[in-house]
>>> print(open('run.cif').read())   # mmCIF, C-alpha atoms
data_model
loop_
_atom_site.group_PDB
_atom_site.id
_atom_site.type_symbol
_atom_site.label_atom_id
_atom_site.label_comp_id
_atom_site.auth_asym_id
_atom_site.auth_seq_id
_atom_site.Cartn_x
_atom_site.Cartn_y
_atom_site.Cartn_z
ATOM 1 C CA MET A 1 119.094 125.510 134.607
ATOM 2 C CA MET A 2 115.580 125.836 133.277
ATOM 3 C CA TRP A 3 116.378 124.138 129.995
ATOM 4 C CA ARG A 4 117.997 121.250 131.834
ATOM 5 C CA LEU A 5 114.782 120.683 133.738
ATOM 6 C CA LEU A 6 112.824 120.872 130.512
ATOM 7 C CA LEU A 7 115.159 118.372 128.893
ATOM 8 C CA LEU A 8 114.811 115.999 131.830
ATOM 9 C CA ALA A 9 111.044 116.350 131.731
ATOM 10 C CA SER A 10 110.919 115.536 128.029
ATOM 11 C CA VAL A 11 113.171 112.515 128.446
ATOM 12 C CA LEU A 12 110.939 111.215 131.245
ATOM 13 C CA LEU A 13 107.880 111.852 129.121
ATOM 14 C CA LEU A 14 109.339 109.923 126.212
ATOM 15 C CA ALA A 15 110.242 107.050 128.514
ATOM 16 C CA ALA A 16 106.642 106.902 129.714
ATOM 17 C CA VAL A 17 105.278 106.486 126.178
ATOM 18 C CA PRO A 18 104.822 102.773 125.451
ATOM 19 C CA GLN A 19 107.313 101.683 122.867
ATOM 20 C CA GLU A 20 106.023 100.523 119.499
ATOM 21 C CA SER A 21 108.201 97.435 119.739
ATOM 22 C CA MET A 22 106.136 96.189 122.656
ATOM 23 C CA ALA A 23 103.177 95.818 120.335
ATOM 24 C CA GLN A 24 104.893 93.473 117.929
ATOM 25 C CA GLY A 25 105.022 90.344 120.015
ATOM 26 C CA SER A 26 108.083 88.238 120.297
ATOM 27 C CA GLY A 27 109.411 85.616 118.012
ATOM 28 C CA PRO A 28 112.674 84.559 116.477
ATOM 29 C CA THR A 29 114.062 86.788 113.753
ATOM 30 C CA PRO A 30 114.608 84.715 110.609
ATOM 31 C CA GLU A 31 118.302 84.009 110.293
ATOM 32 C CA LEU A 32 118.758 85.511 106.853
ATOM 33 C CA ALA A 33 117.054 88.754 107.913
ATOM 34 C CA ASN A 34 120.291 90.156 109.283
ATOM 35 C CA ARG A 35 122.942 87.718 108.099
ATOM 36 C CA GLN A 36 124.593 88.464 104.784
ATOM 37 C CA LEU A 37 124.886 85.842 102.090
ATOM 38 C CA THR A 38 128.385 84.437 101.848
ATOM 39 C CA ASN A 39 128.563 85.068 98.107
ATOM 40 C CA PRO A 40 129.259 88.834 97.766
ATOM 41 C CA ALA A 41 127.663 89.077 94.309
ATOM 42 C CA GLN A 42 124.484 87.448 95.641
ATOM 43 C CA GLU A 43 124.468 89.693 98.702
ATOM 44 C CA LYS A 44 124.810 92.745 96.450
ATOM 45 C CA ALA A 45 121.885 91.618 94.309
ATOM 46 C CA ALA A 46 119.794 90.889 97.420
ATOM 47 C CA THR A 47 120.585 94.310 98.902
ATOM 48 C CA GLN A 48 119.507 96.034 95.702
ATOM 49 C CA VAL A 49 116.187 94.180 95.772
ATOM 50 C CA MET A 50 115.714 95.041 99.465
ATOM 51 C CA HIS A 51 116.233 98.751 98.844
ATOM 52 C CA ALA A 52 113.534 98.685 96.167
ATOM 53 C CA LEU A 53 110.880 97.008 98.334
ATOM 54 C CA ARG A 54 108.620 98.909 100.667
ATOM 55 C CA CYS A 55 108.115 97.735 104.239
ATOM 56 C CA ILE A 56 104.507 96.709 104.881
ATOM 57 C CA GLN A 57 104.583 97.793 108.513
ATOM 58 C CA CYS A 58 106.413 101.129 108.415
ATOM 59 C CA GLN A 59 105.166 102.195 105.083
ATOM 60 C CA GLY A 60 107.653 104.883 104.082
ATOM 61 C CA GLN A 61 110.771 102.777 104.577
ATOM 62 C CA SER A 62 112.414 100.159 102.436
ATOM 63 C CA ILE A 63 112.769 96.730 103.988
ATOM 64 C CA ALA A 64 116.530 97.298 104.036
ATOM 65 C CA ASP A 65 116.076 100.320 106.325
ATOM 66 C CA SER A 66 113.304 99.035 108.552
ATOM 67 C CA ASP A 67 113.570 97.295 111.896
ATOM 68 C CA ALA A 68 109.990 96.015 111.800
ATOM 69 C CA PRO A 69 109.540 92.242 112.182
ATOM 70 C CA MET A 70 107.731 92.068 108.844
ATOM 71 C CA ALA A 71 110.673 93.774 107.119
ATOM 72 C CA ALA A 72 112.990 91.177 108.677
ATOM 73 C CA THR A 73 110.811 88.388 107.298
ATOM 74 C CA MET A 74 110.824 90.039 103.869
ATOM 75 C CA ARG A 75 114.633 90.472 103.900
ATOM 76 C CA ALA A 76 115.075 86.812 104.788
ATOM 77 C CA GLU A 77 112.722 85.877 101.941
ATOM 78 C CA VAL A 78 114.686 88.016 99.449
ATOM 79 C CA ARG A 79 118.043 86.549 100.531
ATOM 80 C CA GLN A 80 116.645 83.007 100.449
ATOM 81 C CA GLN A 81 115.251 83.443 96.948
ATOM 82 C CA ILE A 82 118.520 85.018 95.706
ATOM 83 C CA ALA A 83 120.438 82.108 97.272
ATOM 84 C CA ASP A 84 118.047 79.754 95.455
ATOM 85 C CA GLY A 85 119.103 81.383 92.199
ATOM 86 C CA LYS A 86 116.024 83.501 91.540
ATOM 87 C CA LYS A 87 116.459 86.670 89.474
ATOM 88 C CA PRO A 88 115.912 90.034 91.226
ATOM 89 C CA ASP A 89 113.018 90.905 88.934
ATOM 90 C CA ALA A 90 111.313 87.569 89.662
ATOM 91 C CA ILE A 91 111.579 88.284 93.398
ATOM 92 C CA ARG A 92 110.091 91.730 92.880
ATOM 93 C CA GLN A 93 107.226 90.110 90.973
ATOM 94 C CA TRP A 94 106.793 87.548 93.773
ATOM 95 C CA MET A 95 106.278 90.393 96.262
ATOM 96 C CA ILE A 96 103.942 92.265 93.887
ATOM 97 C CA GLU A 97 101.874 89.072 93.512
ATOM 98 C CA ARG A 98 101.267 89.227 97.252
ATOM 99 C CA TYR A 99 101.003 92.921 98.072
ATOM 100 C CA GLY A 100 100.317 94.563 94.718
ATOM 101 C CA GLU A 101 102.336 97.264 92.946
ATOM 102 C CA TRP A 102 102.331 99.170 96.205
ATOM 103 C CA VAL A 103 105.192 97.099 97.627
ATOM 104 C CA SER A 104 107.636 98.202 94.928
ATOM 105 C CA PHE A 105 109.511 101.502 94.984
ATOM 106 C CA GLU A 106 110.034 101.097 91.229
ATOM 107 C CA PRO A 107 106.617 101.393 89.597
ATOM 108 C CA ASP A 108 106.147 99.634 86.280
ATOM 109 C CA MET A 109 105.801 101.675 83.107
ATOM 110 C CA LYS A 110 102.112 100.955 82.696
ATOM 111 C CA GLY A 111 98.815 102.410 83.902
ATOM 112 C CA SER A 112 99.305 105.339 86.257
ATOM 113 C CA GLY A 113 102.970 104.337 86.509
ATOM 114 C CA LEU A 114 103.373 105.264 82.845
ATOM 115 C CA LEU A 115 102.129 108.788 83.600
ATOM 116 C CA LEU A 116 104.700 109.022 86.374
ATOM 117 C CA TRP A 117 107.541 108.119 84.019
ATOM 118 C CA ALA A 118 106.273 110.269 81.154
ATOM 119 C CA ALA A 119 105.381 113.345 83.246
ATOM 120 C CA PRO A 120 108.880 114.963 83.218
ATOM 121 C CA LEU A 121 109.079 114.647 79.441
ATOM 122 C CA LEU A 122 105.523 115.914 78.951
ATOM 123 C CA LEU A 123 106.142 118.887 81.261
ATOM 124 C CA LEU A 124 109.375 119.730 79.436
ATOM 125 C CA LEU A 125 107.564 119.663 76.102
ATOM 126 C CA LEU A 126 104.785 121.826 77.534
ATOM 127 C CA GLY A 127 107.362 124.309 78.808
ATOM 128 C CA LEU A 128 109.099 124.459 75.438
ATOM 129 C CA PHE A 129 105.737 124.997 73.763
ATOM 130 C CA MET A 130 104.854 127.835 76.131
ATOM 131 C CA ALA A 131 108.251 129.468 75.779
ATOM 132 C CA ARG A 132 108.555 128.996 72.028
ATOM 133 C CA GLY A 133 107.876 132.711 71.405
ATOM 134 C CA LEU A 134 111.070 133.607 73.276
ATOM 135 C CA PHE A 135 113.204 131.671 70.824
ATOM 136 C CA ARG A 136 111.803 133.489 67.793
ATOM 137 C CA ARG A 137 113.918 136.228 66.311
ATOM 138 C CA LYS A 138 112.317 139.601 66.832
ATOM 139 C CA SER A 139 111.344 141.088 63.499
ATOM 140 C CA MET B 21 99.581 142.057 68.225
ATOM 141 C CA GLY B 22 97.708 140.049 65.641
ATOM 142 C CA ALA B 23 99.693 136.908 66.485
ATOM 143 C CA GLY B 24 99.220 137.557 70.227
ATOM 144 C CA MET B 25 95.460 137.488 70.009
ATOM 145 C CA ASN B 26 95.466 133.743 69.319
ATOM 146 C CA ARG B 27 97.508 133.100 72.402
ATOM 147 C CA THR B 28 95.352 134.851 74.997
ATOM 148 C CA TRP B 29 94.032 131.451 76.126
ATOM 149 C CA LEU B 30 97.577 130.712 77.278
ATOM 150 C CA LEU B 31 97.136 133.333 79.993
ATOM 151 C CA TRP B 32 94.605 131.040 81.641
ATOM 152 C CA LEU B 33 96.950 128.097 81.682
ATOM 153 C CA PRO B 34 98.817 128.964 84.928
ATOM 154 C CA LEU B 35 95.473 129.530 86.672
ATOM 155 C CA ALA B 36 94.227 126.190 85.398
ATOM 156 C CA VAL B 37 97.360 124.449 86.686
ATOM 157 C CA VAL B 38 97.063 126.103 90.114
ATOM 158 C CA ALA B 39 93.348 125.239 90.257
ATOM 159 C CA PHE B 40 94.182 121.618 89.426
ATOM 160 C CA ILE B 41 96.788 121.426 92.200
ATOM 161 C CA GLY B 42 94.383 123.106 94.615
ATOM 162 C CA GLY B 43 91.725 120.602 93.606
ATOM 163 C CA LEU B 44 94.109 117.753 94.390
ATOM 164 C CA ALA B 45 94.754 119.256 97.838
ATOM 165 C CA ILE B 46 91.015 119.515 98.554
ATOM 166 C CA TYR B 47 90.503 115.968 97.266
ATOM 167 C CA GLY B 48 93.218 114.766 99.660
ATOM 168 C CA LEU B 49 91.474 116.512 102.553
ATOM 169 C CA VAL B 50 87.964 115.335 101.778
ATOM 170 C CA VAL B 51 88.544 111.754 100.672
ATOM 171 C CA PRO B 52 89.814 109.654 103.582
ATOM 172 C CA LYS B 53 93.214 108.145 102.996
ATOM 173 C CA ASP B 54 93.359 104.367 102.702
ATOM 174 C CA ASP B 55 96.601 103.302 104.366
ATOM 175 C CA MET B 56 95.725 99.645 104.260
ATOM 176 C CA VAL B 57 97.825 97.315 102.202
ATOM 177 C CA HIS B 58 95.404 94.922 100.538
ATOM 178 C CA SER B 59 96.529 91.437 99.721
ATOM 179 C CA ALA B 60 96.905 90.716 96.024
ATOM 180 C CA MET B 61 96.257 87.038 96.808
ATOM 181 C CA VAL B 62 92.466 87.423 96.856
ATOM 182 C CA GLY B 63 91.004 85.201 94.145
ATOM 183 C CA ARG B 64 93.972 82.846 94.265
ATOM 184 C CA LYS B 65 94.673 79.538 96.005
ATOM 185 C CA LEU B 66 96.135 79.572 99.491
ATOM 186 C CA PRO B 67 99.921 79.184 99.504
ATOM 187 C CA GLU B 68 101.274 75.909 100.820
ATOM 188 C CA PHE B 69 102.102 75.967 104.496
ATOM 189 C CA ALA B 70 102.098 73.743 107.554
ATOM 190 C CA LEU B 71 102.203 75.446 110.935
ATOM 191 C CA PRO B 72 102.725 73.796 114.337
ATOM 192 C CA PRO B 73 100.060 74.257 117.054
ATOM 193 C CA ALA B 74 100.174 77.704 118.679
ATOM 194 C CA THR B 75 99.467 76.310 122.131
ATOM 195 C CA VAL B 76 98.729 73.035 123.890
ATOM 196 C CA GLY B 77 95.324 71.478 123.347
ATOM 197 C CA VAL B 78 94.681 72.842 119.857
ATOM 198 C CA ALA B 79 95.769 71.460 116.486
ATOM 199 C CA GLY B 80 98.187 73.210 114.141
ATOM 200 C CA LEU B 81 97.132 74.451 110.722
ATOM 201 C CA SER B 82 98.102 73.637 107.161
ATOM 202 C CA ASN B 83 96.664 74.871 103.862
ATOM 203 C CA ARG B 84 95.095 71.417 103.362
ATOM 204 C CA ASP B 85 93.015 71.854 106.520
ATOM 205 C CA LEU B 86 91.502 74.907 104.859
ATOM 206 C CA ALA B 87 90.542 73.103 101.659
ATOM 207 C CA ASP B 88 88.242 70.390 103.005
ATOM 208 C CA GLY B 89 85.192 71.367 100.946
ATOM 209 C CA LYS B 90 83.629 73.724 103.446
ATOM 210 C CA PRO B 91 84.032 77.514 103.254
ATOM 211 C CA ARG B 92 85.528 78.939 106.425
ATOM 212 C CA LEU B 93 87.150 81.952 108.012
ATOM 213 C CA LEU B 94 90.860 82.287 108.626
ATOM 214 C CA ASN B 95 91.661 84.765 111.389
ATOM 215 C CA ILE B 96 95.159 86.213 111.762
ATOM 216 C CA PHE B 97 95.654 87.335 115.343
ATOM 217 C CA ALA B 98 98.095 87.668 118.227
ATOM 218 C CA SER B 99 97.698 87.701 121.978
ATOM 219 C CA TRP B 100 99.658 90.981 122.113
ATOM 220 C CA CYS B 101 97.367 92.728 119.649
ATOM 221 C CA ILE B 102 94.762 94.969 121.262
ATOM 222 C CA PRO B 103 92.212 95.104 118.389
ATOM 223 C CA CYS B 104 92.299 91.272 118.466
ATOM 224 C CA LYS B 105 90.849 91.450 121.980
ATOM 225 C CA ALA B 106 88.192 93.848 120.744
ATOM 226 C CA GLU B 107 87.064 91.533 117.941
ATOM 227 C CA ALA B 108 86.920 88.385 120.124
ATOM 228 C CA PRO B 109 83.169 88.710 120.912
ATOM 229 C CA TYR B 110 82.357 89.069 117.200
ATOM 230 C CA LEU B 111 84.380 85.990 116.288
ATOM 231 C CA GLU B 112 82.358 84.203 118.951
ATOM 232 C CA ALA B 113 79.147 85.553 117.380
ATOM 233 C CA LEU B 114 80.287 84.353 113.946
ATOM 234 C CA LYS B 115 80.966 80.904 115.377
ATOM 235 C CA LYS B 116 77.520 80.828 117.034
ATOM 236 C CA SER B 117 75.995 81.639 113.635
ATOM 237 C CA GLY B 118 77.654 78.572 112.162
ATOM 238 C CA ALA B 119 80.924 79.912 110.787
ATOM 239 C CA GLU B 120 83.935 77.647 111.104
ATOM 240 C CA ILE B 121 87.012 79.603 112.048
ATOM 241 C CA ASP B 122 90.671 78.649 111.948
ATOM 242 C CA ALA B 123 93.462 80.928 113.053
ATOM 243 C CA ILE B 124 97.107 81.793 112.711
ATOM 244 C CA ALA B 125 98.859 83.333 115.724
ATOM 245 C CA ILE B 126 101.663 85.758 114.841
ATOM 246 C CA ARG B 127 104.882 85.989 116.892
ATOM 247 C CA ASP B 128 103.271 84.503 119.945
ATOM 248 C CA LYS B 129 104.258 82.283 122.853
ATOM 249 C CA PRO B 130 102.192 79.159 123.690
ATOM 250 C CA GLU B 131 101.514 80.371 127.239
ATOM 251 C CA ASP B 132 100.403 83.804 125.990
ATOM 252 C CA VAL B 133 98.041 82.235 123.443
ATOM 253 C CA ALA B 134 96.610 79.981 126.174
ATOM 254 C CA ALA B 135 96.051 82.982 128.460
ATOM 255 C CA PHE B 136 94.412 84.920 125.606
ATOM 256 C CA LEU B 137 92.020 82.051 124.853
ATOM 257 C CA ALA B 138 91.233 81.593 128.544
ATOM 258 C CA GLU B 139 90.328 85.265 128.884
ATOM 259 C CA PHE B 140 88.545 85.945 125.578
ATOM 260 C CA GLY B 141 87.251 82.492 124.629
ATOM 261 C CA ASN B 142 88.294 80.149 121.858
ATOM 262 C CA PRO B 143 86.192 80.272 118.689
ATOM 263 C CA PHE B 144 88.913 78.498 116.694
ATOM 264 C CA ARG B 145 89.025 74.944 115.420
ATOM 265 C CA ARG B 146 92.763 75.033 114.737
ATOM 266 C CA ILE B 147 95.492 77.570 115.509
ATOM 267 C CA GLY B 148 98.814 77.502 113.682
ATOM 268 C CA SER B 149 101.814 79.343 115.073
ATOM 269 C CA ASP B 150 103.603 81.666 112.618
ATOM 270 C CA ASN B 151 106.590 82.791 114.651
ATOM 271 C CA GLU B 152 108.593 84.210 111.769
ATOM 272 C CA MET B 153 105.598 85.693 109.902
ATOM 273 C CA ALA B 154 106.581 83.533 106.948
ATOM 274 C CA VAL B 155 103.004 82.430 106.202
ATOM 275 C CA GLN B 156 101.756 85.964 106.748
ATOM 276 C CA LEU B 157 104.130 87.105 104.015
ATOM 277 C CA LYS B 158 102.975 84.336 101.670
ATOM 278 C CA LEU B 159 99.360 85.388 102.265
ATOM 279 C CA GLY B 160 100.061 89.017 101.438
ATOM 280 C CA SER B 161 98.837 89.864 104.926
ATOM 281 C CA SER B 162 100.076 93.123 106.384
ATOM 282 C CA GLY B 163 99.208 92.962 110.060
ATOM 283 C CA VAL B 164 96.930 91.766 112.838
ATOM 284 C CA PRO B 165 94.055 91.282 112.995
ATOM 285 C CA GLU B 166 92.943 90.203 109.551
ATOM 286 C CA THR B 167 90.229 87.756 108.545
ATOM 287 C CA TYR B 168 90.069 85.858 105.283
ATOM 288 C CA VAL B 169 87.103 84.077 103.745
ATOM 289 C CA ILE B 170 88.404 80.796 102.319
ATOM 290 C CA GLY B 171 86.404 78.799 99.788
ATOM 291 C CA GLY B 172 85.900 75.062 100.167
ATOM 292 C CA ASP B 173 88.624 74.430 97.589
ATOM 293 C CA GLY B 174 91.152 76.578 99.445
ATOM 294 C CA THR B 175 90.728 79.738 97.361
ATOM 295 C CA ILE B 176 91.120 83.085 99.128
ATOM 296 C CA LEU B 177 87.807 84.829 98.476
ATOM 297 C CA TYR B 178 87.925 87.924 100.642
ATOM 298 C CA GLN B 179 90.245 89.794 102.986
ATOM 299 C CA HIS B 180 88.971 91.838 105.911
ATOM 300 C CA ILE B 181 91.673 94.126 107.311
ATOM 301 C CA GLY B 182 91.451 95.262 110.930
ATOM 302 C CA ASP B 183 89.213 94.133 113.756
ATOM 303 C CA ILE B 184 85.791 92.669 113.075
ATOM 304 C CA ARG B 185 83.088 94.931 114.453
ATOM 305 C CA ALA B 186 79.377 94.261 114.953
ATOM 306 C CA GLU B 187 78.530 95.598 111.475
ATOM 307 C CA HIS B 188 80.980 93.208 109.802
ATOM 308 C CA VAL B 189 79.415 90.029 111.227
ATOM 309 C CA PRO B 190 76.445 89.809 108.781
ATOM 310 C CA MET B 191 78.727 90.770 105.880
ATOM 311 C CA LEU B 192 81.171 87.949 106.658
ATOM 312 C CA LEU B 193 78.324 85.443 107.096
ATOM 313 C CA GLU B 194 76.979 86.554 103.702
ATOM 314 C CA LYS B 195 80.419 86.012 102.117
ATOM 315 C CA LEU B 196 80.506 82.518 103.613
ATOM 316 C CA ARG B 197 77.024 81.790 102.246
ATOM 317 C CA GLU B 198 78.054 83.023 98.800
ATOM 318 C CA ALA B 199 81.026 80.684 98.940
ATOM 319 C CA GLN B 200 78.826 77.600 99.423
#
>>> encode(input="run.cif", output="structure tokens")
Amino acid sequence: MMWRLLLLASVLLLAAVPQESMAQGSGPTPELANRQLTNPAQEKAATQVMHALRCIQCQGQSIADSDAPMAATMRAEVRQQIADGKKPDAIRQWMIERYGEWVSFEPDMKGSGLLLWAAPLLLLLLGLFMARGLFRRKS
Amino acid sequence: MGAGMNRTWLLWLPLAVVAFIGGLAIYGLVVPKDDMVHSAMVGRKLPEFALPPATVGVAGLSNRDLADGKPRLLNIFASWCIPCKAEAPYLEALKKSGAEIDAIAIRDKPEDVAAFLAEFGNPFRRIGSDNEMAVQLKLGSSGVPETYVIGGDGTILYQHIGDIRAEHVPMLLEKLREAQ
């Protein structure tokens, strides 16, 4: 019985917390935000781009996973540009031109991004170097 | 043993690695995290756009209106945004000090914008309505409120993220003066 009361209390508490969505205003969602492109190959390309772009509003999510209005606008932009015949990498660059490298989940292999890509290899080499004595035949 | 002597420094390596990771953790605690997404459009020309008026009695806004030879501020706001209410007096102060301010209202209704202006004053020359956030995306803007310093030729010179507070007023006026 007790836990039921607790559950009810927590549900009521949650209901009393103002919802985030209330603080986003109201406006039409761009049509292409949630409507797939009719060409399946184009839709597939668009979806791949969307999964590799970070939502500006809910920063940990991709724009494909986010319900935020800004993510909707970004999805519509990606679909529109794919429909216009733009290449996925050009669309990624278009977003980076506006929000910087930050917006991409696939960092370029340059600057600190290079370190990120090279780190596994460097660490493996370091490990081999440290363990090299173990591979020597005991004499 | 003789070969081992040369490798004693290796014993310190794990400690060095742990100290480095610990240092990173302390760095993360001490240095405040910057969660803001800065626009990469600073230093570049405004994108092309033409927005309808956000409410009755004010004009809409296009990128050409912002490139008329005079440096000005472009405020991104919304009637539903609480920090936008907080910065209203400072926008008014900027206007009193001679700044010209245009605005873009995000996901807003004409009646809500009118009510907002009636309650907090209207420091804006023009207000465009960006219902689908399309212009916001083109600007590399990540939320409301934001304020841009726009050069007389329509170049984006500076982006202020978040509400304008008292201490930002002289800084923004200085940026406008520099843009002359």
>>> resolve_selection(input="run.cif", expression="the PyMOL selection byres ((chain B) within 8 of (chain A))", output="list in words")
Leu30, Val57, His58, Ser59, Ala60, Met61, Ala98, Trp100, Cys101, Ile126, Arg127, Asp128, Lys129, Asn151, Glu152, Met153, Ala154, Leu157, Lys158, Leu159, Gly160, Ser161, Ser162 and Gly163 of chain B
>>> residues_around(input="run.cif", residues="B:Glu131", least_positions_apart="4", cutoff="10 Å", atoms="only C-alpha atoms", output="number ranges by chain")
B: 74-76, 99, 135-137
>>> atom_distance(input="run.cif", atom1="atom CA of A:Leu122", atom2="atom CA of B:Gly48")
24.1 Å
>>> resolve_selection(input="run.cif", expression="the PyMOL selection byres ((chain B and resi 83) around 7)", output="ChimeraX atom specification")
/B:66-70,81-82,84-87
>>> atom_distance(input="run.cif", atom1="atom CA of B:Leu33", atom2="atom CA of A:Leu128")
14.1 Å
>>> resolve_selection(input="run.cif", expression="the PyMOL selection byres ((chain A and resi 45-49) around 8)", output="PyMOL selection string")
chain A and resi 41-44+50-53+64+78-79+82+88+91-92
>>> axis_aligned_box(input="run.cif", around="stretch 42-51 of chain A", padding_each_side="4 Å", output="AutoDock Vina command-line options")
--center_x 120.3 --center_y 93.1 --center_z 96.9 --size_x 17.1 --size_y 19.3 --size_z 13.2
>>> atom_distance(input="run.cif", atom1="atom CA of B:Leu71", atom2="atom CA of B:Asp150")
6.6 Å
>>> residues_near_point(input="run.cif", point="(85.3, 83.7, 114.4)", cutoff="7 Å", atoms="only C-alpha atoms", output="MDAnalysis selection string")
chainID B and resid 93 110:112 114:115 119 121 143:144
>>> decode(input="run.cif", residues="stretch 68-91 of chain A", atoms="N, CA and C atoms", output="PDB file, in the first residue's frame")
ATOM      1  N   ALA A  68      13.292  18.142 -30.322  1.00  0.00           N
ATOM      2  CA  ALA A  68      13.379  19.592 -30.169  1.00  0.00           C
ATOM      3  C   ALA A  68      13.035  20.289 -31.490  1.00  0.00           C
ATOM      4  N   PRO A  69      12.392  21.467 -31.392  1.00  0.00           N
ATOM      5  CA  PRO A  69      12.026  22.193 -32.616  1.00  0.00           C
ATOM      6  C   PRO A  69      13.236  22.459 -33.524  1.00  0.00           C
ATOM      7  N   MET A  70      14.385  22.778 -32.901  1.00  0.00           N
ATOM      8  CA  MET A  70      15.556  23.058 -33.728  1.00  0.00           C
ATOM      9  C   MET A  70      15.998  21.817 -34.502  1.00  0.00           C
ATOM     10  N   ALA A  71      15.876  20.644 -33.871  1.00  0.00           N
ATOM     11  CA  ALA A  71      16.233  19.398 -34.553  1.00  0.00           C
ATOM     12  C   ALA A  71      15.303  19.166 -35.745  1.00  0.00           C
ATOM     13  N   ALA A  72      14.021  19.508 -35.562  1.00  0.00           N
ATOM     14  CA  ALA A  72      13.047  19.364 -36.650  1.00  0.00           C
ATOM     15  C   ALA A  72      13.452  20.244 -37.829  1.00  0.00           C
ATOM     16  N   THR A  73      13.833  21.492 -37.508  1.00  0.00           N
ATOM     17  CA  THR A  73      14.257  22.418 -38.557  1.00  0.00           C
ATOM     18  C   THR A  73      15.497  21.879 -39.273  1.00  0.00           C
ATOM     19  N   MET A  74      16.415  21.302 -38.505  1.00  0.00           N
ATOM     20  CA  MET A  74      17.645  20.771 -39.098  1.00  0.00           C
ATOM     21  C   MET A  74      17.348  19.542 -39.967  1.00  0.00           C
ATOM     22  N   ARG A  75      16.421  18.684 -39.520  1.00  0.00           N
ATOM     23  CA  ARG A  75      16.055  17.506 -40.327  1.00  0.00           C
ATOM     24  C   ARG A  75      15.447  17.938 -41.656  1.00  0.00           C
ATOM     25  N   ALA A  76      14.550  18.941 -41.568  1.00  0.00           N
ATOM     26  CA  ALA A  76      13.919  19.436 -42.794  1.00  0.00           C
ATOM     27  C   ALA A  76      14.972  19.991 -43.750  1.00  0.00           C
ATOM     28  N   GLU A  77      15.963  20.697 -43.183  1.00  0.00           N
ATOM     29  CA  GLU A  77      17.034  21.270 -43.999  1.00  0.00           C
ATOM     30  C   GLU A  77      17.841  20.154 -44.685  1.00  0.00           C
ATOM     31  N   VAL A  78      18.160  19.105 -43.932  1.00  0.00           N
ATOM     32  CA  VAL A  78      18.929  17.982 -44.494  1.00  0.00           C
ATOM     33  C   VAL A  78      18.143  17.326 -45.627  1.00  0.00           C
ATOM     34  N   ARG A  79      16.860  17.037 -45.383  1.00  0.00           N
ATOM     35  CA  ARG A  79      16.045  16.378 -46.418  1.00  0.00           C
ATOM     36  C   ARG A  79      15.932  17.261 -47.649  1.00  0.00           C
ATOM     37  N   GLN A  80      15.724  18.590 -47.414  1.00  0.00           N
ATOM     38  CA  GLN A  80      15.578  19.505 -48.541  1.00  0.00           C
ATOM     39  C   GLN A  80      16.849  19.523 -49.385  1.00  0.00           C
ATOM     40  N   GLN A  81      17.995  19.574 -48.711  1.00  0.00           N
ATOM     41  CA  GLN A  81      19.258  19.658 -49.450  1.00  0.00           C
ATOM     42  C   GLN A  81      19.557  18.349 -50.187  1.00  0.00           C
ATOM     43  N   ILE A  82      19.180  17.203 -49.568  1.00  0.00           N
ATOM     44  CA  ILE A  82      19.343  15.910 -50.259  1.00  0.00           C
ATOM     45  C   ILE A  82      18.442  15.885 -51.499  1.00  0.00           C
ATOM     46  N   ALA A  83      17.174  16.348 -51.305  1.00  0.00           N
ATOM     47  CA  ALA A  83      16.228  16.374 -52.422  1.00  0.00           C
ATOM     48  C   ALA A  83      16.736  17.289 -53.540  1.00  0.00           C
ATOM     49  N   ASP A  84      17.479  18.339 -53.148  1.00  0.00           N
ATOM     50  CA  ASP A  84      18.038  19.260 -54.142  1.00  0.00           C
ATOM     51  C   ASP A  84      19.288  18.690 -54.811  1.00  0.00           C
ATOM     52  N   GLY A  85      19.680  17.484 -54.382  1.00  0.00           N
ATOM     53  CA  GLY A  85      20.808  16.832 -55.040  1.00  0.00           C
ATOM     54  C   GLY A  85      22.157  17.091 -54.394  1.00  0.00           C
ATOM     55  N   LYS A  86      22.145  17.670 -53.188  1.00  0.00           N
ATOM     56  CA  LYS A  86      23.429  17.927 -52.524  1.00  0.00           C
ATOM     57  C   LYS A  86      23.999  16.645 -51.934  1.00  0.00           C
ATOM     58  N   LYS A  87      25.316  16.529 -51.940  1.00  0.00           N
ATOM     59  CA  LYS A  87      25.992  15.347 -51.395  1.00  0.00           C
ATOM     60  C   LYS A  87      26.005  15.409 -49.866  1.00  0.00           C
ATOM     61  N   PRO A  88      25.892  14.228 -49.203  1.00  0.00           N
ATOM     62  CA  PRO A  88      25.883  14.199 -47.740  1.00  0.00           C
ATOM     63  C   PRO A  88      27.043  14.973 -47.112  1.00  0.00           C
ATOM     64  N   ASP A  89      28.233  14.850 -47.691  1.00  0.00           N
ATOM     65  CA  ASP A  89      29.370  15.536 -47.079  1.00  0.00           C
ATOM     66  C   ASP A  89      29.247  17.056 -47.207  1.00  0.00           C
ATOM     67  N   ALA A  90      28.633  17.512 -48.320  1.00  0.00           N
ATOM     68  CA  ALA A  90      28.434  18.951 -48.503  1.00  0.00           C
ATOM     69  C   ALA A  90      27.438  19.482 -47.470  1.00  0.00           C
ATOM     70  N   ILE A  91      26.437  18.671 -47.139  1.00  0.00           N
ATOM     71  CA  ILE A  91      25.442  19.079 -46.143  1.00  0.00           C
ATOM     72  C   ILE A  91      26.086  19.156 -44.766  1.00  0.00           C
TER      73      ILE A  91
END
